[in-house]
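Structure file work.cif with mmCIF, C-alpha atoms and all ligand atoms:
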```cif
data_target
#
loop_
_atom_site.label_atom_id
_atom_site.label_comp_id
_atom_site.auth_asym_id
_atom_site.auth_seq_id
_atom_site.Cartn_x
_atom_site.Cartn_y
_atom_site.Cartn_z
CA MET W 254 0.00 0.00 0.00
CA LYS W 255 0.95 3.63 -0.22
CA ALA W 256 1.78 5.48 3.01
CA ALA W 257 3.43 8.68 4.24
CA VAL W 258 6.23 7.57 6.53
CA VAL W 259 7.79 10.14 8.88
CA GLU W 260 11.42 9.04 9.17
CA LYS W 261 12.58 11.74 11.53
CA ILE W 262 11.68 15.32 12.42
CA ARG W 263 10.68 17.23 9.26
CA ALA W 264 11.51 14.27 7.01
CA ALA W 265 8.64 12.29 5.50
CA LYS W 266 8.36 10.28 2.32
CA VAL W 267 5.35 8.89 0.52
CA THR W 268 6.26 5.35 -0.41
CA GLU W 269 5.09 1.74 -0.88
CA VAL W 270 5.07 -0.30 2.34
CA PRO W 271 3.65 -3.79 3.07
CA ASP W 272 -0.09 -3.91 3.77
CA PRO W 273 -0.82 -4.31 7.50
CA VAL W 274 -2.01 -7.82 8.41
CA VAL W 275 -5.09 -8.36 10.58
CA ILE W 276 -4.19 -9.43 14.12
CA PRO W 277 -6.50 -11.35 16.49
CA ALA W 278 -9.29 -9.17 17.91
CA SER W 279 -8.65 -6.36 15.43
CA LEU W 280 -9.72 -5.44 11.92
CA LYS W 281 -8.35 -3.99 8.69
CA ILE W 282 -9.73 -0.65 7.58
CA LYS W 283 -9.38 1.05 4.21
CA VAL W 284 -8.61 4.67 5.09
CA GLU W 285 -10.83 7.02 3.09
CA ALA W 286 -10.00 10.26 4.93
CA CYS W 287 -7.57 11.30 7.66
CA ALA W 288 -7.60 14.85 9.01
CA VAL W 289 -4.42 16.60 10.12
CA CYS W 290 -4.29 17.33 13.86
CA GLY W 291 -2.21 19.96 15.63
CA SER W 292 -0.48 17.09 17.42
CA ASP W 293 0.44 15.48 14.06
CA LEU W 294 2.15 18.76 13.18
CA ARG W 295 3.94 18.73 16.54
CA ILE W 296 5.17 15.14 16.02
CA PHE W 297 6.36 16.04 12.53
CA THR W 298 8.07 19.34 13.38
CA LYS W 299 9.27 18.82 16.96
CA GLY W 300 8.80 15.16 17.92
CA ASP W 301 6.66 13.92 20.78
CA PRO W 302 7.63 11.76 23.77
CA ARG W 303 4.78 9.36 22.93
CA ALA W 304 5.77 8.97 19.26
CA THR W 305 8.57 6.86 17.78
CA PHE W 306 10.16 7.09 14.28
CA PRO W 307 9.91 5.86 11.60
CA ARG W 308 6.15 6.18 11.93
CA ILE W 309 3.03 6.49 9.82
CA ILE W 310 1.25 9.19 11.83
CA GLY W 311 -2.39 10.41 11.69
CA HIS W 312 -5.20 9.59 14.11
CA GLU W 313 -8.34 11.39 12.87
CA ILE W 314 -9.39 8.50 10.68
CA ALA W 315 -12.50 7.52 8.74
CA GLY W 316 -12.74 4.49 6.47
CA THR W 317 -14.34 1.18 5.58
CA VAL W 318 -13.86 -2.20 7.27
CA VAL W 319 -12.36 -4.61 4.70
CA GLU W 320 -11.49 -7.57 6.94
CA THR W 321 -12.20 -8.56 10.55
CA SER W 322 -10.47 -11.14 12.72
CA PRO W 323 -12.60 -14.18 13.64
CA GLU W 324 -12.21 -13.33 17.35
CA LEU W 325 -13.84 -9.94 16.92
CA ALA W 326 -17.60 -9.49 17.12
CA GLY W 327 -19.59 -6.35 16.42
CA TYR W 328 -18.09 -5.21 13.11
CA ARG W 329 -18.85 -6.26 9.55
CA VAL W 330 -16.99 -5.95 6.26
CA GLY W 331 -18.21 -2.90 4.36
CA GLU W 332 -19.13 -0.99 7.52
CA ARG W 333 -18.03 2.66 7.66
CA VAL W 334 -16.09 3.53 10.85
CA THR W 335 -13.91 6.13 12.50
CA VAL W 336 -10.70 5.28 14.37
CA ALA W 337 -9.39 7.44 17.22
CA PRO W 338 -6.14 7.02 19.18
CA GLY W 339 -7.27 5.50 22.49
CA HIS W 340 -4.37 4.30 24.59
CA GLY W 341 -6.01 2.75 27.68
CA CYS W 342 -4.82 -0.65 28.95
CA GLY W 343 -8.41 -1.58 29.79
CA LYS W 344 -7.35 -3.02 33.16
CA CYS W 345 -6.14 -0.30 35.54
CA LYS W 346 -8.35 1.57 38.01
CA TYR W 347 -8.89 4.43 35.55
CA CYS W 348 -9.74 2.26 32.56
CA ARG W 349 -12.13 0.18 34.66
CA ASN W 350 -13.92 3.35 35.79
CA GLY W 351 -14.39 4.94 32.37
CA MET W 352 -11.34 7.22 32.50
CA GLY W 353 -9.02 5.37 30.13
CA ASN W 354 -7.72 8.67 28.75
CA VAL W 355 -5.67 9.03 31.96
CA CYS W 356 -4.61 5.36 31.99
CA ILE W 357 -1.46 4.75 34.03
CA HIS W 358 -0.22 1.98 31.69
CA PRO W 359 -0.62 3.65 28.29
CA ARG W 360 -0.62 1.27 25.31
CA PRO W 361 0.42 1.96 21.73
CA SER W 362 -1.73 4.77 20.48
CA VAL W 363 -2.68 5.08 16.79
CA GLY W 364 -0.34 7.45 14.97
CA TYR W 365 2.09 7.72 17.88
CA ALA W 366 3.51 4.29 18.75
CA SER W 367 1.51 2.30 16.18
CA SER W 368 0.80 2.95 12.51
CA GLY W 369 -1.70 5.73 11.83
CA GLY W 370 -4.00 6.97 9.12
CA PHE W 371 -1.84 8.70 6.52
CA ALA W 372 -1.83 5.39 4.65
CA GLN W 373 -4.23 3.38 2.51
CA TYR W 374 -4.93 0.78 5.21
CA ILE W 375 -4.71 0.55 8.97
CA VAL W 376 -5.01 -2.30 11.47
CA PRO W 377 -5.53 -0.61 14.84
CA PRO W 378 -3.95 -2.12 17.98
CA VAL W 379 -6.22 -4.46 19.97
CA ASN W 380 -6.60 -2.04 22.92
CA VAL W 381 -7.88 0.69 20.57
CA VAL W 382 -10.63 -1.62 19.30
CA ALA W 383 -11.42 -3.09 22.73
CA ASN W 384 -11.70 0.34 24.37
CA GLY W 385 -14.33 1.62 21.93
CA PHE W 386 -12.31 3.84 19.60
CA VAL W 387 -13.55 2.20 16.38
CA ASN W 388 -17.09 3.50 15.91
CA PRO W 389 -19.74 3.35 13.18
CA ILE W 390 -20.26 6.48 11.10
CA PRO W 391 -23.87 7.75 10.96
CA ASP W 392 -25.33 7.33 7.45
CA ASN W 393 -25.69 11.04 6.77
CA LEU W 394 -21.99 11.83 7.32
CA THR W 395 -19.32 11.56 4.61
CA PHE W 396 -15.89 10.19 5.46
CA GLU W 397 -14.33 13.65 5.61
CA GLN W 398 -17.13 14.90 7.87
CA ALA W 399 -16.66 11.91 10.17
CA SER W 400 -12.92 12.60 10.37
CA MET W 401 -13.80 15.71 12.43
CA ALA W 402 -15.04 13.49 15.28
CA GLU W 403 -11.71 12.86 17.00
CA LEU W 404 -10.92 16.52 17.68
CA LEU W 405 -14.53 17.12 18.69
CA ALA W 406 -14.32 14.20 21.14
CA CYS W 407 -11.26 15.83 22.75
CA CYS W 408 -13.23 19.09 23.05
CA ILE W 409 -16.15 17.20 24.63
CA ASN W 410 -13.70 15.77 27.14
CA GLY W 411 -12.42 19.28 27.96
CA GLN W 412 -15.92 20.71 28.36
CA GLU W 413 -16.98 17.80 30.55
CA ARG W 414 -13.96 18.43 32.80
CA ALA W 415 -14.94 22.14 32.95
CA GLN W 416 -18.64 21.24 33.40
CA VAL W 417 -19.87 23.53 30.62
CA GLY W 418 -23.64 23.64 30.85
CA GLU W 419 -26.93 25.53 30.66
CA GLY W 420 -26.61 29.31 31.01
CA ASP W 421 -22.82 29.46 31.29
CA THR W 422 -20.71 32.26 29.92
CA VAL W 423 -17.74 30.56 28.27
CA LEU W 424 -14.52 32.28 27.23
CA ILE W 425 -12.30 30.40 24.77
CA ILE W 426 -8.72 31.58 24.43
CA GLY W 427 -7.31 30.48 21.09
CA ALA W 428 -9.16 30.50 17.77
CA GLY W 429 -7.46 27.51 16.13
CA PRO W 430 -9.40 24.39 15.08
CA ALA W 431 -10.03 23.28 18.68
CA GLY W 432 -11.03 26.80 19.75
CA CYS W 433 -13.53 26.93 16.88
CA MET W 434 -15.04 23.57 17.85
CA HIS W 435 -15.27 24.71 21.48
CA ILE W 436 -17.46 27.64 20.34
CA GLN W 437 -20.07 25.41 18.69
CA LEU W 438 -19.83 22.71 21.35
CA ALA W 439 -20.37 25.19 24.20
CA ARG W 440 -23.54 26.37 22.47
CA ALA W 441 -24.69 22.78 21.94
CA ARG W 442 -24.24 22.20 25.70
CA GLY W 443 -26.42 25.20 26.51
CA ALA W 444 -23.94 28.03 27.14
CA SER W 445 -25.78 31.34 26.89
CA LYS W 446 -22.78 33.47 25.97
CA VAL W 447 -19.63 32.41 24.14
CA LEU W 448 -16.61 34.70 23.90
CA VAL W 449 -13.42 34.01 21.97
CA ALA W 450 -10.00 35.63 22.20
CA ASN W 451 -6.94 35.22 20.02
CA ARG W 452 -3.56 36.90 19.89
CA SER W 453 -3.47 37.44 16.12
CA PRO W 454 -6.32 38.94 14.09
CA ARG W 455 -6.26 36.53 11.10
CA ARG W 456 -7.42 33.37 12.88
CA LEU W 457 -9.79 35.35 15.07
CA ARG W 458 -11.48 36.81 12.00
CA MET W 459 -11.82 33.37 10.38
CA ALA W 460 -13.33 31.95 13.60
CA ALA W 461 -15.70 34.90 14.14
CA GLU W 462 -16.97 34.88 10.54
CA ARG W 463 -17.74 31.16 10.56
CA PHE W 464 -18.84 30.46 14.13
CA HIS W 465 -20.41 33.72 15.34
CA PRO W 466 -19.29 34.02 18.97
CA ASP W 467 -21.10 36.70 21.01
CA ALA W 468 -17.86 38.67 21.12
CA ALA W 469 -14.37 38.22 19.68
CA PHE W 470 -11.36 39.89 21.29
CA CYS W 471 -8.01 40.34 19.62
CA GLY W 472 -5.01 40.61 21.91
CA GLU W 473 -3.79 39.37 25.26
CA GLY W 474 -2.55 40.59 28.63
CA ASP W 475 -4.20 43.36 30.68
CA ALA W 476 -6.08 44.78 27.71
CA LEU W 477 -7.79 41.42 27.11
CA VAL W 478 -8.60 40.97 30.80
CA GLN W 479 -10.29 44.39 30.86
CA LYS W 480 -12.35 43.62 27.74
CA VAL W 481 -13.55 40.29 29.11
CA LEU W 482 -14.48 41.80 32.48
CA ALA W 483 -16.38 44.60 30.71
CA GLU W 484 -18.31 41.99 28.69
CA THR W 485 -19.23 39.96 31.80
CA ASP W 486 -20.48 42.67 34.21
CA GLY W 487 -17.07 42.67 35.90
CA LEU W 488 -17.49 39.07 37.03
CA GLY W 489 -15.46 37.12 34.50
CA ALA W 490 -16.58 34.02 32.59
CA ASP W 491 -18.08 30.96 34.29
CA VAL W 492 -15.73 28.82 32.24
CA VAL W 493 -12.41 29.72 30.60
CA ILE W 494 -10.99 27.22 28.13
CA VAL W 495 -7.35 27.78 27.27
CA ALA W 496 -7.01 26.30 23.79
CA ALA W 497 -3.71 28.01 23.01
CA PRO W 498 -0.21 26.79 23.94
CA SER W 499 0.58 29.99 25.83
CA HIS W 500 1.89 30.65 29.33
CA GLU W 501 0.38 34.10 29.33
CA ALA W 502 -3.05 32.74 28.36
CA GLN W 503 -2.88 30.23 31.23
CA GLU W 504 -1.83 32.92 33.69
CA ASN W 505 -4.49 35.38 32.59
CA ALA W 506 -7.23 32.76 32.53
CA LEU W 507 -7.46 32.95 36.31
CA ARG W 508 -7.96 36.71 36.15
CA MET W 509 -10.86 36.26 33.71
CA VAL W 510 -12.76 33.48 35.45
CA ALA W 511 -15.74 34.24 37.68
CA PRO W 512 -15.95 33.24 41.36
CA ARG W 513 -16.63 29.46 41.59
CA GLY W 514 -15.76 29.30 37.88
CA ARG W 515 -13.82 26.59 36.05
CA VAL W 516 -10.63 26.90 34.04
CA ASN W 517 -9.69 24.15 31.62
CA LEU W 518 -6.12 23.94 30.36
CA PHE W 519 -7.11 22.30 27.09
CA GLY W 520 -3.87 22.97 25.18
CA GLY W 521 -0.54 21.68 26.45
CA LEU W 522 2.72 23.64 26.60
CA PRO W 523 6.02 22.49 25.03
CA LYS W 524 7.43 19.77 27.26
CA ASP W 525 10.74 21.58 27.88
CA ASN W 526 8.98 24.84 28.76
CA CYS W 527 5.83 24.01 30.69
CA ILE W 528 6.04 26.04 33.88
CA SER W 529 3.51 28.86 34.22
CA HIS W 530 3.31 31.34 37.10
CA LEU W 531 -0.23 31.25 38.41
CA GLU W 532 -1.62 33.67 40.96
CA THR W 533 -2.91 30.90 43.22
CA ASN W 534 -4.59 33.31 45.62
CA ILE W 535 -7.16 33.81 42.90
CA ILE W 536 -7.99 30.11 43.08
CA HIS W 537 -8.08 30.38 46.87
CA TYR W 538 -10.40 33.36 47.15
CA LYS W 539 -12.58 32.76 44.09
CA GLU W 540 -12.88 29.04 44.90
CA CYS W 541 -12.40 28.30 41.24
CA MET W 542 -11.49 24.97 39.75
CA LEU W 543 -8.50 24.31 37.51
CA THR W 544 -8.64 21.20 35.30
CA GLY W 545 -6.80 19.68 32.36
CA ALA W 546 -7.87 17.67 29.33
CA SER W 547 -6.07 14.84 27.63
CA SER W 548 -7.31 13.00 24.57
CA SER W 549 -10.80 11.48 24.76
CA LEU W 550 -12.87 8.40 25.56
CA GLY W 551 -14.70 5.96 23.29
CA ARG W 552 -18.12 7.24 24.41
CA GLN W 553 -17.02 10.82 23.69
CA ASN W 554 -16.12 9.77 20.14
CA ARG W 555 -19.61 8.33 19.70
CA GLU W 556 -21.13 11.53 21.08
CA ALA W 557 -18.98 13.57 18.69
CA LEU W 558 -20.30 11.56 15.72
CA ARG W 559 -23.84 12.16 16.94
CA LEU W 560 -23.31 15.95 17.30
CA LEU W 561 -21.80 16.06 13.79
CA SER W 562 -24.63 14.02 12.29
CA GLU W 563 -27.19 16.34 13.94
CA ASN W 564 -25.18 19.30 12.60
CA LYS W 565 -25.01 20.81 16.10
CA VAL W 566 -21.33 21.02 15.35
CA GLU W 567 -21.24 21.66 11.59
CA PRO W 568 -18.48 19.57 10.02
CA MET W 569 -18.40 21.44 6.72
CA LYS W 570 -17.49 24.70 8.46
CA TYR W 571 -14.17 23.21 9.56
CA ILE W 572 -12.90 21.52 6.39
CA THR W 573 -11.03 24.25 4.52
CA HIS W 574 -8.35 22.23 2.66
CA ARG W 575 -8.09 18.80 1.00
CA PHE W 576 -4.99 16.92 -0.14
CA THR W 577 -3.92 13.66 -1.78
CA LEU W 578 -1.51 11.40 0.10
CA ASP W 579 1.25 12.47 -2.30
CA GLU W 580 0.66 16.04 -1.10
CA PHE W 581 1.38 15.09 2.53
CA GLY W 582 4.14 17.72 2.77
CA ASP W 583 1.90 20.44 1.31
CA ALA W 584 -0.85 19.56 3.79
CA PHE W 585 1.49 19.94 6.75
CA ALA W 586 2.94 23.17 5.37
CA ALA W 587 -0.57 24.64 5.05
CA VAL W 588 -1.41 23.64 8.63
CA GLU W 589 1.86 25.09 9.89
CA ARG W 590 1.15 28.42 8.13
CA HIS W 591 -2.26 28.53 9.90
CA ASP W 592 -3.97 28.70 6.49
CA THR W 593 -6.38 25.93 7.42
CA ILE W 594 -9.04 25.30 9.99
CA LYS W 595 -8.93 21.58 9.20
CA ALA W 596 -7.03 19.92 6.37
CA VAL W 597 -8.04 16.42 5.28
CA VAL W 598 -5.84 13.90 3.44
CA PHE W 599 -7.48 11.32 1.12
CA PRO W 600 -5.17 8.30 0.70
CA TRP W 601 -7.02 6.86 -2.33
CA LYS W 602 -8.11 9.93 -4.22
CA THR W 603 -6.44 11.68 -7.14
CA LYS W 604 -6.03 15.45 -7.31
CA ARG W 605 -8.88 15.62 -9.82
CA GLU W 606 -11.25 13.64 -7.56
CA ILE W 607 -10.44 15.96 -4.66
CA LEU W 608 -11.18 19.05 -6.72
CA GLU W 609 -14.56 17.48 -7.59
CA ILE W 610 -15.48 17.18 -3.87
CA GLY W 611 -14.66 20.84 -3.37
CA LYS W 612 -16.85 21.84 -6.34
CA SER W 613 -19.85 19.73 -5.35
CA GLU W 614 -20.33 21.52 -2.03
ZN ZN Z 1 -6.32 14.88 16.94
ZN ZN Z 2 -5.47 1.59 32.02
#
```
The structure given in the file should be rewritten as structure tokens.
Ligand SMILES: [Zn+2]
Ligand SMILES: [Zn+2]
Amino acid sequence: MKAAVVEKIRAAKVTEVPDPVVIPASLKIKVEACAVCGSDLRIFTKGDPRATFPRIIGHEIAGTVVETSPELAGYRVGERVTVAPGHGCGKCKYCRNGMGNVCIHPRPSVGYASSGGFAQYIVPPVNVVANGFVNPIPDNLTFEQASMAELLACCINGQERAQVGEGDTVLIIGAGPAGCMHIQLARARGASKVLVANRSPRRLRMAAERFHPDAAFCGEGDALVQKVLAETDGLGADVVIVAAPSHEAQENALRMVAPRGRVNLFGGLPKDNCISHLETNIIHYKECMLTGASSSLGRQNREALRLLSENKVEPMKYITHRFTLDEFGDAFAAVERHDTIKAVVFPWKTKREILEIGKSE
């Protein structure tokens, strides 16, 4: 089959590799679409402690089951499914209690330590199948639309941790792909006011035009804090989601959250520079809650597919760029330039076929 193999940082080649062989309790999937994630870009440009090279990366996968192992029940050949990178062992205290995303014995995760979706076929590791990360695609979603589910599932996880609900004012810092999904998801969960902030105007404009937050603030620091307080009767937001890899955003989040509010550190910081200086007295006196978010759960992937199929989160508003597998390098360059909201790679399609999808919208 054809695959994009990342050999080391910033070195990938599209080449022929052997087809993956079905292992017991897994299945072989023909990859029809694989979206590019911010973490794929990080693996490719900086490396990631969870990823090893050479590696076929990519974990926002949608495709068709072409073969199942005799030990595996519940899937049939021809079925359309998504694959997400669940890494739970299935046995530890966290996995047993529905929190496999914080598993203490992480297993090979798709696109990190096992082969991912920038290839024509994938056979996911057994734990990924067993833990519910291979899920049927609702009939009304195309493969590319379904490939939006993995990022949305991560956002659902973040908003569950921050308890976003009915009547909340939610501030999202960062207007990248995750920030954009957080806007629509917060509304779907009943937030009454959604604010978004971003350091640079270009991404903020793209997010505001497509997703219509109640207010969009460009900038950071004291000026941003003042604008958010003015917009929230001086109280701050009930929930602040930090979807930007920024120390300053993390530090200011506490100044913009309301008493008894919740702050979710959705985006991670670079691993060699991850110390922020938080004014912890704010947490003390406001009694606010500070939480993180890491990956997602199988049930959150199924919920993401449902929200996409009901168009509560509108998949077509995110897909801005499409590429063939041969254009792997171009896809990553476009994501790195922040030209895209979401870029999708189609391992079987020709350039002409991809242009046809764009035209038929
Ligand atoms: Zn992802
Ligand atoms: Zn576990």
Residues within 7 Å of ligand ZN 2 (chain Z), counting all atoms listed in the file: report them as a count of residues only.
13
List all protein, DNA and RNA residues that have at least one atom no more than 6 Å from any atom of ligand ZN 1 (chain Z), counting only C-alpha atoms and all ligand atoms, and write them as number ranges by chain.
W: 290, 313, 403-404
Export of the given selection (C-alpha atoms) as a PDB file, in the frame of the given file:
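Below you can see out.pdb, which holds the result:
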```pdb
ATOM      1  CA  CYS W 290      -4.290  17.330  13.860  1.00  0.00           C
ATOM      2  CA  GLU W 313      -8.340  11.390  12.870  1.00  0.00           C
ATOM      3  CA  GLU W 403     -11.710  12.860  17.000  1.00  0.00           C
ATOM      4  CA  LEU W 404     -10.920  16.520  17.680  1.00  0.00           C
TER       5      LEU W 404
END
```
Residues within 10 Å of Pro600 of chain W, only C-alpha atoms, excluding chain neighbours under 6 positions, as an NGL selection string
:W and (254-257 or 283-287 or 370-374 or 576-581)
Tell me which protein, DNA and RNA residues are within 7 Å of segment 493-504 of chain W, counting all atoms listed in the file, leaving out same-chain ones fewer than 2 positions away, and put them as a list in words.
Val423, Leu424, Ile425, Ile426, Gly427, Ala431, Gly432, Ala490, Asp491, Ala506, Leu507, Val510, Arg515, Val516, Asn517, Leu518, Phe519, Gly520, Gly521, Leu522, Ser529, His530 and Leu531 of chain W
When you count only C-alpha atoms, which of these residues is closest to Arg590 of chain W: W:Arg513, W:Lys612, W:Arg456, W:Arg463?
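Checking each of W:Arg513, W:Lys612, W:Arg456, W:Arg463 against Arg590 of chain W, counting only C-alpha atoms, the winner is W:Arg456.
Using all atoms listed in the file for every distance, the candidate list W:Pro307, W:Pro302, W:Gly443, W:Pro277 yields W:Gly443 as the residue closest to Gly420 of chain W.
Picture a line from atom CA of Glu563 of chain W to atom CA of Asn410 of chain W; it runs 18.9 Å.
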Residue contacts of segment 329-340 of chain W (6 Å, all atoms listed in the file) excluding same-chain residues fewer than 3 positions away, as a ChimeraX atom specification:
/W:312-320,359-360,362-363,381,386-390,403
Dump of C-alpha atoms for the selected residues, as an mmCIF file, in the frame of the given file:
```
data_model
loop_
_atom_site.group_PDB
_atom_site.id
_atom_site.type_symbol
_atom_site.label_atom_id
_atom_site.label_comp_id
_atom_site.auth_asym_id
_atom_site.auth_seq_id
_atom_site.Cartn_x
_atom_site.Cartn_y
_atom_site.Cartn_z
ATOM 1 C CA HIS W 312 -5.200 9.590 14.110
ATOM 2 C CA GLU W 313 -8.340 11.390 12.870
ATOM 3 C CA ILE W 314 -9.390 8.500 10.680
ATOM 4 C CA ALA W 315 -12.500 7.520 8.740
ATOM 5 C CA GLY W 316 -12.740 4.490 6.470
ATOM 6 C CA THR W 317 -14.340 1.180 5.580
ATOM 7 C CA VAL W 318 -13.860 -2.200 7.270
ATOM 8 C CA VAL W 319 -12.360 -4.610 4.700
ATOM 9 C CA GLU W 320 -11.490 -7.570 6.940
ATOM 10 C CA PRO W 359 -0.620 3.650 28.290
ATOM 11 C CA ARG W 360 -0.620 1.270 25.310
ATOM 12 C CA SER W 362 -1.730 4.770 20.480
ATOM 13 C CA VAL W 363 -2.680 5.080 16.790
ATOM 14 C CA VAL W 381 -7.880 0.690 20.570
ATOM 15 C CA PHE W 386 -12.310 3.840 19.600
ATOM 16 C CA VAL W 387 -13.550 2.200 16.380
ATOM 17 C CA ASN W 388 -17.090 3.500 15.910
ATOM 18 C CA PRO W 389 -19.740 3.350 13.180
ATOM 19 C CA ILE W 390 -20.260 6.480 11.100
ATOM 20 C CA GLU W 403 -11.710 12.860 17.000
#
```
Quick one: residues within 7 Å of segment 291-300 of chain W, all atoms listed in the file, excluding same-chain residues fewer than 5 positions away - as a list in words?
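So the residues in contact are Ile262, Arg263, Ile310, Gly311 and Phe585 of chain W.
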Measuring atom to atom with all atoms listed in the file, identify which of W:Pro361, W:Gly611, W:Gly472, W:Gly369 is nearest to Leu457 of chain W.
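Checking each candidate against Leu457 of chain W, we get W:Gly472 as the closest.
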Between atom CA of Cys407 of chain W and atom CA of Leu448 of chain W, what distance in Å does the model show, to one decimal?
19.6 Å
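Proximity ranking of W:Thr305, W:Asn350, W:Ser368, W:Gln412 relative to Gln553 of chain W places W:Gln412 first, based on all atoms listed in the file.
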I'd like the neighbourhood of Arg455 of chain W as a list in words, where a residue qualifies if any of its atoms comes within 12 Å (using only C-alpha atoms), though same-chain residues fewer than 6 positions away should be ignored.
Gly427, Ala428, Gly429, Ala461, Glu462, Ala469, Phe470, Cys471, Gly472, Arg590, His591, Asp592, Thr593 and Ile594 of chain W
Of the residues W:Ala586, W:Ala402, W:Ile375, W:Ala450, which is the one nearest to Ala288 of chain W, using only C-alpha atoms?
W:Ala402
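With distances restricted to all atoms listed in the file, W:His435 is the closest residue to Val447 of chain W from W:Lys266, W:Arg552, W:Lys595, W:His435.
A straight line drawn from atom CA of Pro271 of chain W to atom CA of Lys602 of chain W is 19.5 Å long.
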Edge lengths and centre in Å, axis-aligned, segment 584-591 of chain W plus 3 Å each side, as AutoDock Vina command-line options:
```
--center_x 0.3 --center_y 24.0 --center_z 6.8 --size_x 11.2 --size_y 15.0 --size_z 12.1
```
Up to 10 Å from (-8.8, 18.1, -2.7) in the file's coordinates: name the residues, counting only C-alpha atoms, as an MDAnalysis selection string.
chainID W and resid 573:577 580 596:599 602:612
Write a file of the selected residues as a PDB file, keeping the file's coordinate frame, keeping C-alpha atoms.
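Below is the file that was written, selection.pdb:
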```
ATOM      1  CA  THR W 573     -11.030  24.250   4.520  1.00  0.00           C
ATOM      2  CA  HIS W 574      -8.350  22.230   2.660  1.00  0.00           C
ATOM      3  CA  ARG W 575      -8.090  18.800   1.000  1.00  0.00           C
ATOM      4  CA  PHE W 576      -4.990  16.920  -0.140  1.00  0.00           C
ATOM      5  CA  THR W 577      -3.920  13.660  -1.780  1.00  0.00           C
ATOM      6  CA  GLU W 580       0.660  16.040  -1.100  1.00  0.00           C
ATOM      7  CA  ALA W 596      -7.030  19.920   6.370  1.00  0.00           C
ATOM      8  CA  VAL W 597      -8.040  16.420   5.280  1.00  0.00           C
ATOM      9  CA  VAL W 598      -5.840  13.900   3.440  1.00  0.00           C
ATOM     10  CA  PHE W 599      -7.480  11.320   1.120  1.00  0.00           C
ATOM     11  CA  LYS W 602      -8.110   9.930  -4.220  1.00  0.00           C
ATOM     12  CA  THR W 603      -6.440  11.680  -7.140  1.00  0.00           C
ATOM     13  CA  LYS W 604      -6.030  15.450  -7.310  1.00  0.00           C
ATOM     14  CA  ARG W 605      -8.880  15.620  -9.820  1.00  0.00           C
ATOM     15  CA  GLU W 606     -11.250  13.640  -7.560  1.00  0.00           C
ATOM     16  CA  ILE W 607     -10.440  15.960  -4.660  1.00  0.00           C
ATOM     17  CA  LEU W 608     -11.180  19.050  -6.720  1.00  0.00           C
ATOM     18  CA  GLU W 609     -14.560  17.480  -7.590  1.00  0.00           C
ATOM     19  CA  ILE W 610     -15.480  17.180  -3.870  1.00  0.00           C
ATOM     20  CA  GLY W 611     -14.660  20.840  -3.370  1.00  0.00           C
ATOM     21  CA  LYS W 612     -16.850  21.840  -6.340  1.00  0.00           C
TER      22      LYS W 612
END
```
